[in-house]
$ cat structure17.cif   # mmCIF, C-alpha atoms
data_coords
loop_
_atom_site.label_atom_id
_atom_site.label_comp_id
_atom_site.auth_asym_id
_atom_site.auth_seq_id
_atom_site.Cartn_x
_atom_site.Cartn_y
_atom_site.Cartn_z
CA MET A 27 -34.47 -61.06 -17.74
CA GLN A 28 -32.72 -57.90 -19.02
CA LYS A 29 -29.10 -57.66 -17.96
CA ASN A 30 -27.62 -54.49 -16.46
CA ASN A 31 -24.92 -53.26 -18.88
CA PHE A 32 -23.23 -50.98 -16.33
CA ILE A 33 -19.53 -51.79 -16.05
CA TYR A 34 -17.57 -50.47 -13.06
CA ARG A 35 -14.47 -48.57 -14.18
CA PRO A 36 -12.55 -47.30 -11.13
CA HIS A 37 -10.20 -45.12 -13.19
CA ARG A 38 -13.12 -42.87 -14.21
CA PHE A 39 -13.43 -41.76 -10.60
CA LEU A 40 -9.78 -41.86 -9.58
CA LYS A 41 -8.51 -39.56 -12.37
CA PRO A 42 -10.27 -36.41 -11.07
CA VAL A 43 -9.08 -37.24 -7.56
CA ARG A 44 -5.49 -37.57 -8.80
CA SER A 45 -5.81 -34.24 -10.62
CA LEU A 46 -7.14 -32.54 -7.49
CA CYS A 47 -4.30 -33.93 -5.39
CA LEU A 48 -1.74 -32.77 -7.96
CA LEU A 49 -3.24 -29.26 -7.99
CA PHE A 50 -3.08 -29.09 -4.18
CA THR A 51 0.53 -30.26 -4.26
CA LEU A 52 1.44 -27.49 -6.72
CA ILE A 53 -0.36 -24.73 -4.82
CA SER A 54 0.30 -25.65 -1.21
CA PRO A 55 4.04 -24.75 -1.11
CA PHE A 56 3.30 -21.18 -2.25
CA ALA A 57 0.32 -20.84 0.07
CA SER A 58 2.57 -21.44 3.05
CA PHE A 59 4.53 -18.18 2.58
CA ALA A 60 3.45 -15.33 4.85
CA GLN A 61 3.91 -11.80 3.53
CA ASN A 62 6.97 -9.84 4.59
CA THR A 63 5.66 -6.39 5.59
CA LEU A 64 7.34 -3.22 6.79
CA SER A 65 5.90 0.00 8.26
CA LYS A 66 8.08 2.97 9.14
CA GLU A 67 7.84 6.71 9.86
CA ILE A 68 10.65 9.21 9.23
CA LEU A 69 10.79 12.86 10.31
CA ALA A 70 11.07 15.09 7.25
CA ASP A 71 12.59 18.23 8.82
CA GLN A 72 15.72 18.16 6.62
CA ILE A 73 14.34 16.30 3.60
CA LYS A 74 13.75 18.16 0.35
CA THR A 75 13.84 15.25 -2.10
CA VAL A 76 12.48 11.70 -1.99
CA ALA A 77 14.27 9.40 -4.45
CA ILE A 78 12.91 5.91 -5.12
CA SER A 79 15.33 3.51 -6.79
CA GLY A 80 12.49 1.19 -7.65
CA ASN A 81 14.12 -1.61 -9.61
CA GLN A 82 12.30 -4.91 -9.00
CA ILE A 83 9.44 -3.12 -7.19
CA PHE A 84 6.25 -3.85 -9.12
CA ASN A 85 3.90 -1.21 -7.69
CA ILE A 86 4.88 2.20 -6.28
CA THR A 87 2.20 4.50 -4.82
CA VAL A 88 2.98 7.98 -3.48
CA GLY A 89 0.65 10.60 -1.98
CA THR A 90 1.17 13.86 -0.07
CA THR A 91 0.13 15.01 3.37
CA ASP A 92 0.19 18.18 5.50
CA GLU A 93 2.19 16.35 8.19
CA ASN A 94 5.95 16.83 8.46
CA LYS A 95 6.79 13.13 8.28
CA ILE A 96 7.18 10.36 5.74
CA SER A 97 5.12 7.21 6.21
CA LEU A 98 6.43 4.11 4.49
CA SER A 99 4.81 0.71 4.09
CA SER A 100 5.90 -2.19 1.90
CA THR A 101 4.84 -5.74 1.20
CA LEU A 102 7.10 -8.47 -0.16
CA ASP A 103 5.78 -11.78 -1.49
CA GLY A 104 7.51 -14.78 -3.01
CA GLU A 105 9.91 -17.62 -2.40
CA TYR A 106 12.81 -15.38 -1.30
CA GLN A 107 10.79 -12.56 0.27
CA ASN A 108 12.60 -12.76 3.62
CA LYS A 109 15.96 -12.21 1.95
CA TYR A 110 14.94 -8.72 0.72
CA GLN A 111 13.83 -5.52 2.42
CA ILE A 112 13.09 -1.89 1.56
CA ALA A 113 16.19 0.03 2.69
CA THR A 114 16.27 3.78 3.41
CA GLU A 115 19.20 6.19 3.34
CA GLU A 116 19.14 9.88 4.28
CA LYS A 117 21.94 12.05 2.86
CA ASP A 118 22.26 15.67 1.65
CA ASN A 119 18.57 16.47 2.25
CA THR A 120 17.56 13.45 0.16
CA LEU A 121 15.80 10.31 1.36
CA THR A 122 16.58 7.37 -0.92
CA LEU A 123 14.60 4.11 -0.89
CA ARG A 124 15.49 0.88 -2.65
CA LEU A 125 14.91 -2.88 -2.53
CA GLU A 126 18.05 -4.55 -1.17
CA PHE A 127 19.23 -8.12 -0.72
CA MET A 128 19.64 -8.51 3.06
CA SER A 129 20.62 -12.18 3.51
CA PHE A 130 24.01 -13.84 3.99
CA GLU A 131 22.73 -16.87 2.09
CA ASP A 132 23.13 -17.03 -1.67
CA ILE A 133 20.25 -17.42 -4.09
CA PRO A 134 20.80 -20.14 -6.72
CA ASP A 135 22.24 -18.81 -9.98
CA ASP A 136 19.10 -19.67 -11.95
CA LYS A 137 17.09 -17.35 -9.66
CA ARG A 138 19.44 -14.38 -9.43
CA ASN A 139 16.88 -11.96 -10.87
CA ALA A 140 14.69 -10.89 -7.93
CA HIS A 141 11.59 -10.45 -10.08
CA LYS A 142 11.55 -14.24 -10.55
CA VAL A 143 11.31 -14.93 -6.83
CA ILE A 144 9.78 -11.83 -5.21
CA ALA A 145 6.87 -9.43 -5.74
CA ALA A 146 7.37 -6.09 -3.98
CA THR A 147 5.00 -3.15 -3.48
CA LEU A 148 5.77 0.23 -1.91
CA TYR A 149 3.38 2.86 -0.50
CA LEU A 150 4.51 6.31 0.66
CA LYS A 151 2.93 9.40 2.20
CA ILE A 152 5.27 12.42 2.06
CA PRO A 153 4.92 16.13 2.95
CA LYS A 154 3.57 18.45 0.27
CA ASN A 155 5.89 20.38 -2.07
CA LEU A 156 8.89 18.06 -1.98
CA ASN A 157 10.83 16.85 -5.01
CA LEU A 158 9.94 13.28 -6.00
CA ASN A 159 12.20 11.16 -8.24
CA ILE A 160 11.27 7.60 -9.25
CA VAL A 161 13.19 5.15 -11.45
CA SER A 162 12.10 1.53 -12.02
CA ASP A 163 12.65 -1.30 -14.45
CA VAL A 164 9.42 -3.31 -13.90
CA GLY A 165 7.36 -0.99 -11.70
CA SER A 166 4.14 0.91 -12.31
CA VAL A 167 3.66 4.23 -10.52
CA ASP A 168 0.58 5.95 -9.05
CA VAL A 169 1.21 9.51 -7.80
CA SER A 170 -1.23 11.96 -6.22
CA GLY A 171 -0.92 15.27 -4.36
CA ASN A 172 1.24 18.39 -4.55
CA TYR A 173 4.95 18.44 -5.42
CA ASN A 174 7.71 20.93 -6.13
CA SER A 175 9.06 18.75 -8.95
CA LEU A 176 8.30 15.28 -10.28
CA SER A 177 10.57 12.95 -12.25
CA VAL A 178 9.57 9.42 -13.31
CA GLU A 179 11.58 7.03 -15.52
CA LEU A 180 9.98 3.63 -16.26
CA LEU A 181 10.95 0.78 -18.57
CA GLN A 182 7.90 -1.53 -18.45
CA GLY A 183 5.28 -0.03 -16.14
CA HIS A 184 2.69 2.70 -16.55
CA CYS A 185 2.47 6.05 -14.76
CA VAL A 186 -0.69 7.66 -13.36
CA VAL A 187 -0.56 11.17 -11.87
CA ASP A 188 -3.38 13.14 -10.27
CA GLY A 189 -1.91 16.28 -8.79
CA LEU A 190 0.06 19.49 -9.09
CA THR A 191 3.74 20.28 -9.52
CA LYS A 192 5.88 23.17 -10.70
CA SER A 193 7.66 20.89 -13.18
CA ALA A 194 7.40 17.27 -14.26
CA THR A 195 9.37 14.93 -16.51
CA ILE A 196 7.86 11.50 -17.17
CA ASN A 197 9.38 8.95 -19.57
CA THR A 198 8.21 5.39 -20.27
CA ILE A 199 9.15 2.70 -22.74
CA ASP A 200 6.06 0.46 -22.90
CA GLY A 201 3.74 1.91 -20.26
CA ASN A 202 0.94 4.43 -20.70
CA ILE A 203 1.09 7.87 -19.10
CA SER A 204 -2.10 9.35 -17.61
CA VAL A 205 -2.11 12.82 -16.04
CA VAL A 206 -4.82 14.90 -14.38
CA THR A 207 -3.64 18.41 -13.46
CA ARG A 208 -4.39 22.11 -14.03
CA ASP A 209 -2.77 25.33 -15.27
CA ALA A 210 -0.10 23.44 -17.19
CA LYS A 211 2.03 23.71 -20.29
CA ILE A 212 2.22 20.23 -21.80
CA ASN A 213 4.87 18.83 -24.13
CA ALA A 214 3.80 15.25 -24.94
CA SER A 215 4.97 12.78 -27.58
CA SER A 216 4.83 9.02 -28.18
CA ASN A 217 6.61 7.17 -30.98
CA ASN A 218 4.02 4.42 -31.35
CA GLY A 219 1.17 5.41 -29.04
CA GLU A 220 -1.76 7.84 -29.12
CA VAL A 221 -1.51 11.28 -27.51
CA VAL A 222 -4.62 13.10 -26.23
CA VAL A 223 -4.18 16.39 -24.36
CA ASP A 224 -6.85 18.77 -23.05
CA ASP A 225 -6.57 22.49 -23.75
CA PHE A 226 -5.07 24.50 -20.88
CA SER A 227 -5.65 28.25 -20.90
CA ARG A 228 -2.87 28.99 -18.39
CA SER A 229 0.56 27.46 -17.90
CA GLN A 230 1.86 27.78 -14.36
CA SER A 231 3.66 24.44 -14.54
CA GLN A 232 5.73 22.62 -17.15
CA TRP A 233 5.10 18.95 -18.01
CA ASN A 234 7.37 17.00 -20.36
CA LEU A 235 5.87 13.60 -21.18
CA LYS A 236 7.40 11.04 -23.51
CA SER A 237 6.79 7.35 -24.29
CA ILE A 238 8.10 4.93 -26.91
CA ASN A 239 5.13 2.52 -27.13
CA GLY A 240 2.61 3.82 -24.59
CA ASP A 241 -0.39 6.12 -24.95
CA ILE A 242 -0.40 9.55 -23.28
CA THR A 243 -3.53 11.27 -21.94
CA VAL A 244 -3.65 14.59 -20.10
CA ALA A 245 -6.94 15.83 -18.62
CA LYS A 246 -7.66 19.22 -17.07
CA LYS A 247 -8.43 19.09 -13.36
CA GLU A 248 -11.53 21.14 -12.51
#

$ encode --input "structure17.cif" --output "structure tokens"
Amino acid sequence: MQKNNFIYRPHRFLKPVRSLCLLFTLISPFASFAQNTLSKEILADQIKTVAISGNQIFNITVGTTDENKISLSSTLDGEYQNKYQIATEEKDNTLTLRLEFMSFEDIPDDKRNAHKVIAATLYLKIPKNLNLNIVSDVGSVDVSGNYNSLSVELLQGHCVVDGLTKSATINTIDGNISVVTRDAKINASSNNGEVVVDDFSRSQSQWNLKSINGDITVAKKE
């Protein structure tokens, strides 16, 4: 009689189970965090400039509206999300927004940098023809609509603009700059990136674009 050579090896079946349990253990603590969200509306009667101090905010999106109010929404994710909040301050016709530490409890020294423990996004709708100023260390910016002036200073993120303004200054270190506009005079330069600019027959606005390592593209809006 031929013998069955099958040998039962329990560890062949238990190893995948152990791996699955380990994966669930690693994921489950993070899955338990609910997002920290904020929605707010601010009357814009006296506001001429919106300034975003966007350090440690990863994504900043701004659009314009015909309404005379500013609509703000933000989402915070991460281990210490409930210790931070988007703070607003109105002074001298300027509305300033920033991510602030709001807790009385300390964060351990090895996690002092908020970008290690929190992921923040910010979305704004503001009235047309205001001044918009944005500064951020890690953030990327997406801007659309009509502005009086536009200023963006970024260290790591990219900047995308689809809109109109009387004047614009955009500087990045590593991020690309992409602009769609019309009737513009463009001054664009990149130390290590590629620069591609459409031909504009008229120049009713002035755009100054500069990057160290990023590419710059400017397309004419039809």

$ residues_around --input "structure17.cif" --residues "Gly171 (chain A)" --least-positions-apart "4" --cutoff "7 Å" --atoms "all atoms listed in the file" --output "ChimeraX atom specification"
/A:89-90,188-190

$ resolve_selection --input "structure17.cif" --expression "the PyMOL selection byres ((chain A and resi 204) around 7)" --output "number ranges by chain"
A: 185-187, 202-203, 205-206, 242-244

$ axis_aligned_box --input "structure17.cif" --around "region 196-214 of chain A" --padding-each-side "3 Å" --output "AutoDock Vina command-line options"
--center_x 2.3 --center_y 12.9 --center_z -19.2 --size_x 20.2 --size_y 30.9 --size_z 17.5

$ resolve_selection --input "structure17.cif" --expression "the PyMOL selection byres ((chain A and resi 225-240) around 10)" --output "ChimeraX atom specification"
/A:174-184,190-205,207-224,241-247

$ atom_distance --input "structure17.cif" --atom1 "CA of Leu69 (chain A)" --atom2 "CA of Val164 (chain A)"
29.1 Å

$ closest_residue --input "structure17.cif" --among "A:Val167, A:Ile160, A:Ile96, A:Ala113" --to "Ala77 (chain A)" --atoms "only C-alpha atoms"
A:Ile160

$ resolve_selection --input "structure17.cif" --expression "the PyMOL selection byres ((chain A and resi 64) around 10)" --output "compact mmCIF listing (two decimals) with C-alpha atoms, in the frame of the given file"
# COMPACT_ATOMS: atom_id res chain seq x y z
CA GLN A 61 3.91 -11.80 3.53
CA ASN A 62 6.97 -9.84 4.59
CA THR A 63 5.66 -6.39 5.59
CA SER A 65 5.90 0.00 8.26
CA LYS A 66 8.08 2.97 9.14
CA LEU A 98 6.43 4.11 4.49
CA SER A 99 4.81 0.71 4.09
CA SER A 100 5.90 -2.19 1.90
CA THR A 101 4.84 -5.74 1.20
CA LEU A 102 7.10 -8.47 -0.16
CA GLN A 111 13.83 -5.52 2.42
CA ILE A 112 13.09 -1.89 1.56
CA LEU A 148 5.77 0.23 -1.91

$ atom_distance --input "structure17.cif" --atom1 "CA of Leu158 (chain A)" --atom2 "CA of Phe127 (chain A)"
23.9 Å

$ residues_around --input "structure17.cif" --residues "region 80-84 of chain A" --least-positions-apart "4" --cutoff "6 Å" --atoms "all atoms listed in the file" --output "ChimeraX atom specification"
/A:124,141,146-147,161-165

$ atom_distance --input "structure17.cif" --atom1 "CA of Ala145 (chain A)" --atom2 "CA of Leu125 (chain A)"
10.9 Å

$ decode --input "structure17.cif" --residues "region 64-92 of chain A" --atoms "N, CA, C and O atoms" --output "PDB file, in the first residue's frame"
ATOM      1  N   LEU A  64     -13.543  71.891  11.455  1.00  0.00           N
ATOM      2  CA  LEU A  64     -14.033  73.205  11.833  1.00  0.00           C
ATOM      3  C   LEU A  64     -14.659  73.880  10.630  1.00  0.00           C
ATOM      4  O   LEU A  64     -14.091  73.865   9.533  1.00  0.00           O
ATOM      5  N   SER A  65     -15.849  74.468  10.810  1.00  0.00           N
ATOM      6  CA  SER A  65     -16.509  75.271   9.783  1.00  0.00           C
ATOM      7  C   SER A  65     -16.906  76.598  10.414  1.00  0.00           C
ATOM      8  O   SER A  65     -17.444  76.628  11.524  1.00  0.00           O
ATOM      9  N   LYS A  66     -16.654  77.697   9.679  1.00  0.00           N
ATOM     10  CA  LYS A  66     -16.882  79.014  10.250  1.00  0.00           C
ATOM     11  C   LYS A  66     -17.145  80.021   9.145  1.00  0.00           C
ATOM     12  O   LYS A  66     -16.568  79.928   8.059  1.00  0.00           O
ATOM     13  N   GLU A  67     -18.008  81.003   9.401  1.00  0.00           N
ATOM     14  CA  GLU A  67     -18.263  82.099   8.470  1.00  0.00           C
ATOM     15  C   GLU A  67     -17.975  83.426   9.154  1.00  0.00           C
ATOM     16  O   GLU A  67     -18.332  83.620  10.329  1.00  0.00           O
ATOM     17  N   ILE A  68     -17.340  84.342   8.413  1.00  0.00           N
ATOM     18  CA  ILE A  68     -16.944  85.638   8.955  1.00  0.00           C
ATOM     19  C   ILE A  68     -17.395  86.723   7.994  1.00  0.00           C
ATOM     20  O   ILE A  68     -17.117  86.655   6.782  1.00  0.00           O
ATOM     21  N   LEU A  69     -18.085  87.749   8.504  1.00  0.00           N
ATOM     22  CA  LEU A  69     -18.475  88.877   7.665  1.00  0.00           C
ATOM     23  C   LEU A  69     -17.228  89.635   7.215  1.00  0.00           C
ATOM     24  O   LEU A  69     -16.311  89.870   7.999  1.00  0.00           O
ATOM     25  N   ALA A  70     -17.220  90.035   5.930  1.00  0.00           N
ATOM     26  CA  ALA A  70     -16.016  90.625   5.350  1.00  0.00           C
ATOM     27  C   ALA A  70     -16.155  92.121   5.086  1.00  0.00           C
ATOM     28  O   ALA A  70     -15.434  92.672   4.259  1.00  0.00           O
ATOM     29  N   ASP A  71     -17.053  92.799   5.799  1.00  0.00           N
ATOM     30  CA  ASP A  71     -17.306  94.216   5.551  1.00  0.00           C
ATOM     31  C   ASP A  71     -16.038  95.064   5.642  1.00  0.00           C
ATOM     32  O   ASP A  71     -15.823  95.963   4.833  1.00  0.00           O
ATOM     33  N   GLN A  72     -15.192  94.802   6.644  1.00  0.00           N
ATOM     34  CA  GLN A  72     -14.011  95.630   6.890  1.00  0.00           C
ATOM     35  C   GLN A  72     -12.713  94.961   6.437  1.00  0.00           C
ATOM     36  O   GLN A  72     -11.632  95.517   6.651  1.00  0.00           O
ATOM     37  N   ILE A  73     -12.806  93.808   5.821  1.00  0.00           N
ATOM     38  CA  ILE A  73     -11.598  93.054   5.485  1.00  0.00           C
ATOM     39  C   ILE A  73     -11.135  93.355   4.055  1.00  0.00           C
ATOM     40  O   ILE A  73     -11.900  93.245   3.109  1.00  0.00           O
ATOM     41  N   LYS A  74      -9.879  93.743   3.950  1.00  0.00           N
ATOM     42  CA  LYS A  74      -9.270  93.997   2.644  1.00  0.00           C
ATOM     43  C   LYS A  74      -8.198  92.967   2.288  1.00  0.00           C
ATOM     44  O   LYS A  74      -7.881  92.775   1.110  1.00  0.00           O
ATOM     45  N   THR A  75      -7.645  92.339   3.318  1.00  0.00           N
ATOM     46  CA  THR A  75      -6.560  91.370   3.108  1.00  0.00           C
ATOM     47  C   THR A  75      -6.821  90.111   3.918  1.00  0.00           C
ATOM     48  O   THR A  75      -7.208  90.196   5.091  1.00  0.00           O
ATOM     49  N   VAL A  76      -6.605  88.966   3.294  1.00  0.00           N
ATOM     50  CA  VAL A  76      -6.622  87.680   3.992  1.00  0.00           C
ATOM     51  C   VAL A  76      -5.195  87.149   4.009  1.00  0.00           C
ATOM     52  O   VAL A  76      -4.588  86.956   2.949  1.00  0.00           O
ATOM     53  N   ALA A  77      -4.655  86.943   5.209  1.00  0.00           N
ATOM     54  CA  ALA A  77      -3.279  86.471   5.373  1.00  0.00           C
ATOM     55  C   ALA A  77      -3.294  85.101   6.028  1.00  0.00           C
ATOM     56  O   ALA A  77      -3.843  84.940   7.124  1.00  0.00           O
ATOM     57  N   ILE A  78      -2.705  84.125   5.357  1.00  0.00           N
ATOM     58  CA  ILE A  78      -2.659  82.755   5.882  1.00  0.00           C
ATOM     59  C   ILE A  78      -1.231  82.448   6.305  1.00  0.00           C
ATOM     60  O   ILE A  78      -0.330  82.369   5.466  1.00  0.00           O
ATOM     61  N   SER A  79      -1.027  82.322   7.602  1.00  0.00           N
ATOM     62  CA  SER A  79       0.262  81.878   8.132  1.00  0.00           C
ATOM     63  C   SER A  79       0.198  80.356   8.193  1.00  0.00           C
ATOM     64  O   SER A  79      -0.195  79.770   9.197  1.00  0.00           O
ATOM     65  N   GLY A  80       0.566  79.730   7.083  1.00  0.00           N
ATOM     66  CA  GLY A  80       0.227  78.330   6.864  1.00  0.00           C
ATOM     67  C   GLY A  80       1.278  77.317   7.249  1.00  0.00           C
ATOM     68  O   GLY A  80       1.289  76.206   6.696  1.00  0.00           O
ATOM     69  N   ASN A  81       2.166  77.652   8.179  1.00  0.00           N
ATOM     70  CA  ASN A  81       3.144  76.665   8.620  1.00  0.00           C
ATOM     71  C   ASN A  81       2.448  75.449   9.217  1.00  0.00           C
ATOM     72  O   ASN A  81       1.513  75.584  10.000  1.00  0.00           O
ATOM     73  N   GLN A  82       2.902  74.271   8.798  1.00  0.00           N
ATOM     74  CA  GLN A  82       2.397  72.975   9.253  1.00  0.00           C
ATOM     75  C   GLN A  82       1.006  72.657   8.708  1.00  0.00           C
ATOM     76  O   GLN A  82       0.387  71.691   9.139  1.00  0.00           O
ATOM     77  N   ILE A  83       0.504  73.453   7.764  1.00  0.00           N
ATOM     78  CA  ILE A  83      -0.735  73.120   7.058  1.00  0.00           C
ATOM     79  C   ILE A  83      -0.352  72.563   5.692  1.00  0.00           C
ATOM     80  O   ILE A  83       0.299  73.235   4.894  1.00  0.00           O
ATOM     81  N   PHE A  84      -0.746  71.326   5.402  1.00  0.00           N
ATOM     82  CA  PHE A  84      -0.247  70.625   4.228  1.00  0.00           C
ATOM     83  C   PHE A  84      -0.944  71.044   2.933  1.00  0.00           C
ATOM     84  O   PHE A  84      -0.324  71.057   1.876  1.00  0.00           O
ATOM     85  N   ASN A  85      -2.222  71.341   2.998  1.00  0.00           N
ATOM     86  CA  ASN A  85      -2.970  71.722   1.794  1.00  0.00           C
ATOM     87  C   ASN A  85      -3.809  72.959   2.087  1.00  0.00           C
ATOM     88  O   ASN A  85      -4.598  72.971   3.033  1.00  0.00           O
ATOM     89  N   ILE A  86      -3.649  73.993   1.242  1.00  0.00           N
ATOM     90  CA  ILE A  86      -4.389  75.240   1.387  1.00  0.00           C
ATOM     91  C   ILE A  86      -5.097  75.531   0.069  1.00  0.00           C
ATOM     92  O   ILE A  86      -4.449  75.658  -0.979  1.00  0.00           O
ATOM     93  N   THR A  87      -6.420  75.614   0.106  1.00  0.00           N
ATOM     94  CA  THR A  87      -7.218  75.873  -1.096  1.00  0.00           C
ATOM     95  C   THR A  87      -8.038  77.132  -0.880  1.00  0.00           C
ATOM     96  O   THR A  87      -8.731  77.253   0.132  1.00  0.00           O
ATOM     97  N   VAL A  88      -7.951  78.074  -1.843  1.00  0.00           N
ATOM     98  CA  VAL A  88      -8.681  79.336  -1.715  1.00  0.00           C
ATOM     99  C   VAL A  88      -9.391  79.635  -3.034  1.00  0.00           C
ATOM    100  O   VAL A  88      -8.801  79.539  -4.110  1.00  0.00           O
ATOM    101  N   GLY A  89     -10.668  80.006  -2.949  1.00  0.00           N
ATOM    102  CA  GLY A  89     -11.450  80.437  -4.095  1.00  0.00           C
ATOM    103  C   GLY A  89     -12.186  81.713  -3.764  1.00  0.00           C
ATOM    104  O   GLY A  89     -12.232  82.142  -2.602  1.00  0.00           O
ATOM    105  N   THR A  90     -12.771  82.373  -4.779  1.00  0.00           N
ATOM    106  CA  THR A  90     -13.487  83.632  -4.536  1.00  0.00           C
ATOM    107  C   THR A  90     -14.971  83.476  -4.827  1.00  0.00           C
ATOM    108  O   THR A  90     -15.392  82.579  -5.559  1.00  0.00           O
ATOM    109  N   THR A  91     -15.747  84.389  -4.222  1.00  0.00           N
ATOM    110  CA  THR A  91     -17.190  84.354  -4.342  1.00  0.00           C
ATOM    111  C   THR A  91     -17.725  85.780  -4.437  1.00  0.00           C
ATOM    112  O   THR A  91     -17.030  86.738  -4.059  1.00  0.00           O
ATOM    113  N   ASP A  92     -18.953  85.934  -4.924  1.00  0.00           N
ATOM    114  CA  ASP A  92     -19.602  87.244  -4.972  1.00  0.00           C
ATOM    115  C   ASP A  92     -20.191  87.649  -3.620  1.00  0.00           C
ATOM    116  O   ASP A  92     -20.584  88.801  -3.434  1.00  0.00           O
TER     117      ASP A  92
END
